[in-house]
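Source file: structure-v6.txt. Holds: compact mmCIF, C-alpha atoms.
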```
# COMPACT_ATOMS: atom_id res chain seq x y z
CA MET A 1292 26.29 119.95 183.77
CA ALA A 1293 25.42 116.35 182.95
CA GLU A 1294 22.21 117.68 181.38
CA VAL A 1295 24.19 120.21 179.34
CA GLU A 1296 26.56 117.50 178.14
CA ARG A 1297 23.66 115.21 177.16
CA THR A 1298 21.95 118.01 175.25
CA LEU A 1299 25.11 119.06 173.43
CA GLN A 1300 25.90 115.48 172.47
CA GLY A 1301 22.37 114.34 171.65
CA LYS A 1302 20.75 117.41 170.14
CA PHE A 1303 23.77 119.25 168.76
CA LYS A 1304 25.91 116.19 167.91
CA LYS A 1305 28.97 117.41 169.81
CA LYS A 1306 31.64 114.82 170.59
CA THR A 1307 32.27 113.62 174.14
CA GLU A 1308 35.74 115.20 174.06
CA GLN A 1309 34.23 118.57 173.13
CA THR A 1310 31.68 118.54 175.94
CA ARG A 1311 34.25 117.34 178.49
CA HIS A 1312 36.57 120.17 177.41
CA LEU A 1313 33.72 122.68 177.80
CA VAL A 1314 32.95 121.45 181.32
CA GLU A 1315 36.63 121.58 182.30
CA GLU A 1316 36.96 125.13 180.97
CA LEU A 1317 33.80 126.22 182.79
CA GLN A 1318 35.11 124.71 186.03
CA LYS A 1319 38.40 126.58 185.62
CA SER A 1320 36.76 129.87 184.68
CA PHE A 1321 33.83 129.82 187.12
CA PRO A 1322 34.77 127.72 190.16
CA GLU A 1323 32.21 129.59 192.28
CA ALA A 1324 29.41 128.36 190.02
CA TRP A 1325 29.77 124.72 191.11
CA VAL A 1326 27.13 124.50 193.83
CA GLN A 1327 27.08 121.60 196.27
CA GLY A 1328 24.58 120.56 198.92
CA TYR A 1329 21.37 121.47 197.11
CA GLN A 1330 19.84 117.99 196.72
CA ASP A 1331 18.09 118.06 200.11
CA LEU A 1332 16.01 121.05 198.96
CA ILE A 1333 14.53 119.35 195.88
CA PRO A 1334 11.62 117.47 197.55
CA ALA A 1335 10.15 120.65 199.06
CA LEU A 1336 10.13 122.68 195.85
CA LYS A 1337 6.90 123.34 193.94
CA ASN A 1338 8.12 124.12 190.43
CA ASN A 1339 8.07 121.53 187.65
CA GLU A 1340 9.60 118.28 188.85
CA LYS A 1341 12.08 118.08 185.96
CA ASP A 1342 13.61 121.44 186.88
CA ARG A 1343 13.53 121.33 190.68
CA HIS A 1344 17.27 120.74 190.72
CA VAL A 1345 17.74 124.10 188.97
CA LEU A 1346 15.65 125.95 191.56
CA ALA A 1347 17.38 124.06 194.38
CA VAL A 1348 20.77 125.26 193.14
CA ALA A 1349 19.45 128.83 192.84
CA VAL A 1350 18.10 128.73 196.40
CA ARG A 1351 21.29 127.19 197.82
CA CYS A 1352 23.58 129.80 196.26
CA GLY A 1353 21.32 132.78 196.96
CA ALA A 1354 20.56 133.59 193.32
CA GLN A 1355 18.03 136.30 192.53
CA THR A 1356 17.24 135.08 189.04
CA VAL A 1357 16.92 131.88 187.05
CA VAL A 1358 17.57 132.59 183.37
CA THR A 1359 15.71 130.05 181.25
CA PHE A 1360 13.89 129.59 177.96
CA ASN A 1361 11.52 127.29 179.84
CA LEU A 1362 9.58 129.80 181.94
CA ARG A 1363 6.59 127.49 182.28
CA HIS A 1364 8.64 125.23 184.60
CA PHE A 1365 9.22 128.15 186.98
CA HIS A 1366 5.87 129.63 187.98
CA PRO A 1367 6.09 132.77 190.13
CA GLU A 1368 4.21 131.05 192.99
CA ALA A 1369 6.95 128.42 193.22
CA LEU A 1370 9.74 131.03 193.19
CA GLN A 1371 8.21 133.72 195.40
CA PRO A 1372 9.06 132.09 198.78
CA TYR A 1373 12.73 132.28 197.80
CA ASP A 1374 12.69 135.80 196.31
CA ILE A 1375 13.78 134.40 192.96
CA GLU A 1376 12.38 135.33 189.56
CA ALA A 1377 12.55 133.47 186.27
CA VAL A 1378 13.60 135.54 183.28
CA HIS A 1379 13.78 134.62 179.61
CA PRO A 1380 17.33 134.93 178.17
CA ASP A 1381 16.08 137.54 175.68
CA GLU A 1382 14.82 139.81 178.46
CA PHE A 1383 17.92 139.12 180.57
CA LEU A 1384 20.29 140.13 177.76
CA VAL A 1385 18.33 143.28 176.95
CA ASN A 1386 18.52 144.26 180.63
CA GLN A 1387 22.27 143.58 180.70
CA PHE A 1388 22.70 145.66 177.56
CA HIS A 1389 20.85 148.61 179.12
CA LEU A 1390 22.93 148.30 182.28
CA ASP A 1391 26.26 148.36 180.43
CA GLU A 1392 26.13 148.75 176.65
CA ALA A 1393 29.90 148.93 176.31
CA LEU A 1394 30.51 145.70 178.21
CA VAL A 1395 27.85 143.70 176.35
CA THR A 1396 29.02 145.03 173.00
CA SER A 1397 32.62 144.20 173.91
CA LYS A 1398 31.71 140.64 174.93
CA LEU A 1399 29.67 140.16 171.79
CA SER A 1400 32.60 141.40 169.72
CA GLU A 1401 34.98 139.07 171.56
CA GLN A 1402 32.63 136.13 170.99
CA ALA A 1403 32.32 136.95 167.29
CA THR A 1404 36.08 137.27 166.89
CA ASN A 1405 36.61 133.90 168.58
CA ILE A 1406 34.53 132.21 165.89
CA ASP A 1407 35.83 134.31 163.00
CA ARG A 1408 32.76 136.50 162.58
CA THR A 1409 32.17 140.22 162.66
CA VAL A 1410 29.80 141.64 165.28
CA GLU A 1411 27.36 142.26 162.47
CA GLU A 1412 27.51 138.62 161.37
CA GLN A 1413 27.12 137.41 164.95
CA ILE A 1414 24.06 139.58 165.59
CA ARG A 1415 22.49 138.41 162.34
CA ALA A 1416 23.22 134.77 163.27
CA PHE A 1417 21.50 135.28 166.63
CA HIS A 1418 18.61 136.99 164.90
CA GLN A 1419 18.16 134.11 162.46
CA THR A 1420 17.66 131.66 165.34
CA LYS A 1421 14.65 133.72 166.48
CA ALA A 1422 15.62 132.83 170.07
CA LEU A 1423 16.62 136.36 171.11
CA PRO A 1424 14.53 138.78 169.02
CA LEU A 1425 14.40 141.69 171.47
CA PHE A 1426 18.11 141.48 172.18
CA THR A 1427 19.15 141.31 168.53
CA GLN A 1428 16.79 144.15 167.58
CA THR A 1429 17.97 146.29 170.49
CA ILE A 1430 21.67 145.88 169.90
CA ALA A 1431 21.31 146.09 166.10
CA GLY A 1432 19.41 149.34 166.49
CA VAL A 1433 22.06 150.89 168.71
CA LEU A 1434 24.91 149.72 166.46
CA GLY A 1435 23.12 150.69 163.24
CA ILE A 1436 22.97 147.15 161.87
CA GLU A 1437 20.15 146.18 159.54
CA LEU A 1438 18.60 142.81 160.26
```
Kindly return the structure encoded in the file as structure tokens.
Amino acid sequence: MAEVERTLQGKFKKKTEQTRHLVEELQKSFPEAWVQGYQDLIPALKNNEKDRHVLAVAVRCGAQTVVTFNLRHFHPEALQPYDIEAVHPDEFLVNQFHLDEALVTSKLSEQATNIDRTVEEQIRAFHQTKALPLFTQTIAGVLGIEL
């Protein structure tokens, strides 16, 4: 979470109070996501050194998947001994959408409402970032939204 806070403050110019609030809300909402006791695994891992802490947490908590934009730091050979795969967020979201269209659409609608956007506006905003092209095209197609 320290890395998330640094990124939000440095790259996205969020204030310290905003990032602290986010961390507090995440801790309240997802207490099971705060993994302890993973540091001893780091030296034995073979993925990129800068992201070994991420794989160590995944191993410690029994995760099946690491969702990351940075796939090159998680080569299959480094993950295979732990039965973990690395998946790009675009692919992950498309898979989630196919598993439960109603839930993903509902969450997207809730997210849009929370920032005073329509679902259409939110999908277009995602699409403009070019970060999630398959997801935005998939959901736009199903909902009949032109991008």
Given only C-alpha atoms as the counted atoms, nearest of A:His1344, A:Arg1408, A:Lys1305, A:Arg1311 to Tyr1329 (chain A):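 Residue with the minimum atom-to-atom distance to Tyr1329 (chain A): A:His1344.
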Give me, as a list of chain:residue names, all polymer residues having an atom no more than 12 Å from region 1398-1405 of chain A, counting only C-alpha atoms and skipping those fewer than 6 positions away in the same chain.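 Those residues are A:Leu1384, A:Gln1387, A:Phe1388, A:Asp1391, A:Glu1392, A:Glu1411, A:Glu1412, A:Gln1413, A:Ile1414, A:Arg1415, A:Ala1416, A:Phe1417, A:Phe1426, A:Thr1427, A:Ile1430, A:Ala1431, A:Leu1434.
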Region 1368-1381 of chain A: which residues within 9 Å, counting all atoms listed in the file, same-chain residues fewer than 5 positions away excluded, as JSON, numbers by chain? {"A": [1336, 1337, 1338, 1339, 1346, 1349, 1350, 1353, 1354, 1355, 1356, 1357, 1358, 1359, 1360, 1361, 1362, 1386, 1422, 1423, 1424, 1425, 1426, 1427]}
Taking only C-alpha atoms into account, which of A:Glu1382, A:Asp1331, A:Pro1322, A:Phe1365 comes nearest Val1345 (chain A)?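 Between A:Glu1382, A:Asp1331, A:Pro1322, A:Phe1365, the residue approaching Val1345 (chain A) most closely is A:Phe1365.
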So which one's closest to Glu1323 (chain A), A:Lys1302, A:Thr1409, A:Cys1352, A:Leu1394? Using all atoms listed in the file, please.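 Counting all atoms listed in the file, the residue closest to Glu1323 (chain A) is A:Cys1352.
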Distance of CA of Ala1293 (chain A) from CA of Val1348 (chain A), expressed in Å to one decimal place: 14.3 Å
Could you jot down the CA of Arg1297 (chain A) to CA of Lys1421 (chain A) separation for me, Å, one decimal place? 23.2 Å
Top pick for closest residue to Gln1428 (chain A), considering A:Phe1303, A:Gln1330, A:Val1385, A:His1312 and counting all atoms listed in the file: A:Val1385
Quick one: of A:His1389, A:Arg1363, A:His1418, A:Lys1341, who's nearest to Glu1294 (chain A), counting all atoms listed in the file?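 Comparing A:His1389, A:Arg1363, A:His1418, A:Lys1341 against Glu1294 (chain A), the winner is A:Lys1341.
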Taking all atoms listed in the file into account, name the residue in A:Glu1437, A:Gln1318, A:Ala1393, A:His1364 that is nearest to Arg1343 (chain A).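 Comparing A:Glu1437, A:Gln1318, A:Ala1393, A:His1364 against Arg1343 (chain A), the winner is A:His1364.
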So how many Å separate CA of Lys1319 (chain A) and CA of Leu1332 (chain A), to one decimal?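 Interatomic distance here is 26.6 Å.
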Please provide the set of residues having any atom within 12 Å of Thr1310 (chain A), restricted to all atoms listed in the file, with same-chain residues fewer than 2 positions apart removed, written as a VMD selection string. chain A and resid 1292 to 1301 1303 to 1308 1312 to 1317
Return region 1344-1370 of chain A, completed with N, CA and C atoms, as a tab-separated table (two decimals), in the frame of the given file.
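Result went into out_13.tsv, see below:
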```
chain	number	residue	atom	x	y	z
A	1344	HIS	N	15.85	120.65	190.42
A	1344	HIS	CA	17.27	120.74	190.72
A	1344	HIS	C	17.82	122.13	190.40
A	1345	VAL	N	17.29	122.76	189.36
A	1345	VAL	CA	17.74	124.10	188.97
A	1345	VAL	C	17.35	125.11	190.06
A	1346	LEU	N	16.10	125.04	190.50
A	1346	LEU	CA	15.65	125.95	191.56
A	1346	LEU	C	16.39	125.67	192.86
A	1347	ALA	N	16.65	124.40	193.16
A	1347	ALA	CA	17.38	124.06	194.38
A	1347	ALA	C	18.77	124.69	194.40
A	1348	VAL	N	19.44	124.65	193.26
A	1348	VAL	CA	20.77	125.26	193.14
A	1348	VAL	C	20.65	126.77	193.33
A	1349	ALA	N	19.65	127.38	192.71
A	1349	ALA	CA	19.45	128.83	192.84
A	1349	ALA	C	19.21	129.22	194.29
A	1350	VAL	N	18.38	128.45	194.98
A	1350	VAL	CA	18.10	128.73	196.40
A	1350	VAL	C	19.37	128.59	197.21
A	1351	ARG	N	20.09	127.48	197.02
A	1351	ARG	CA	21.29	127.19	197.82
A	1351	ARG	C	22.35	128.27	197.66
A	1352	CYS	N	22.51	128.81	196.46
A	1352	CYS	CA	23.58	129.80	196.26
A	1352	CYS	C	23.11	131.24	196.42
A	1353	GLY	N	21.82	131.42	196.74
A	1353	GLY	CA	21.32	132.78	196.96
A	1353	GLY	C	21.09	133.57	195.69
A	1354	ALA	N	20.80	132.89	194.59
A	1354	ALA	CA	20.56	133.59	193.32
A	1354	ALA	C	19.27	134.41	193.39
A	1355	GLN	N	19.22	135.48	192.64
A	1355	GLN	CA	18.03	136.30	192.53
A	1355	GLN	C	17.20	135.94	191.31
A	1356	THR	N	17.87	135.31	190.33
A	1356	THR	CA	17.24	135.08	189.04
A	1356	THR	C	17.64	133.71	188.49
A	1357	VAL	N	16.66	133.05	187.86
A	1357	VAL	CA	16.92	131.88	187.05
A	1357	VAL	C	16.68	132.32	185.61
A	1358	VAL	N	17.69	132.20	184.77
A	1358	VAL	CA	17.57	132.59	183.37
A	1358	VAL	C	17.29	131.32	182.58
A	1359	THR	N	16.11	131.28	181.93
A	1359	THR	CA	15.71	130.05	181.25
A	1359	THR	C	14.76	130.34	180.09
A	1360	PHE	N	14.87	129.53	179.04
A	1360	PHE	CA	13.89	129.59	177.96
A	1360	PHE	C	12.59	128.92	178.40
A	1361	ASN	N	12.66	128.08	179.41
A	1361	ASN	CA	11.52	127.29	179.84
A	1361	ASN	C	10.82	127.93	181.05
A	1362	LEU	N	10.23	129.07	180.84
A	1362	LEU	CA	9.58	129.80	181.94
A	1362	LEU	C	8.41	129.04	182.55
A	1363	ARG	N	7.77	128.19	181.76
A	1363	ARG	CA	6.59	127.49	182.28
A	1363	ARG	C	6.95	126.50	183.39
A	1364	HIS	N	8.21	126.12	183.52
A	1364	HIS	CA	8.64	125.23	184.60
A	1364	HIS	C	8.98	125.99	185.88
A	1365	PHE	N	8.85	127.32	185.84
A	1365	PHE	CA	9.22	128.15	186.98
A	1365	PHE	C	8.13	129.19	187.26
A	1366	HIS	N	6.98	128.73	187.68
A	1366	HIS	CA	5.87	129.63	187.98
A	1366	HIS	C	6.22	130.56	189.14
A	1367	PRO	N	5.78	131.81	189.07
A	1367	PRO	CA	6.09	132.77	190.13
A	1367	PRO	C	5.73	132.28	191.54
A	1368	GLU	N	4.62	131.54	191.66
A	1368	GLU	CA	4.21	131.05	192.99
A	1368	GLU	C	5.26	130.11	193.59
A	1369	ALA	N	5.93	129.35	192.74
A	1369	ALA	CA	6.95	128.42	193.22
A	1369	ALA	C	8.25	129.13	193.58
A	1370	LEU	N	8.49	130.29	192.98
A	1370	LEU	CA	9.74	131.03	193.19
A	1370	LEU	C	9.63	132.07	194.30
```
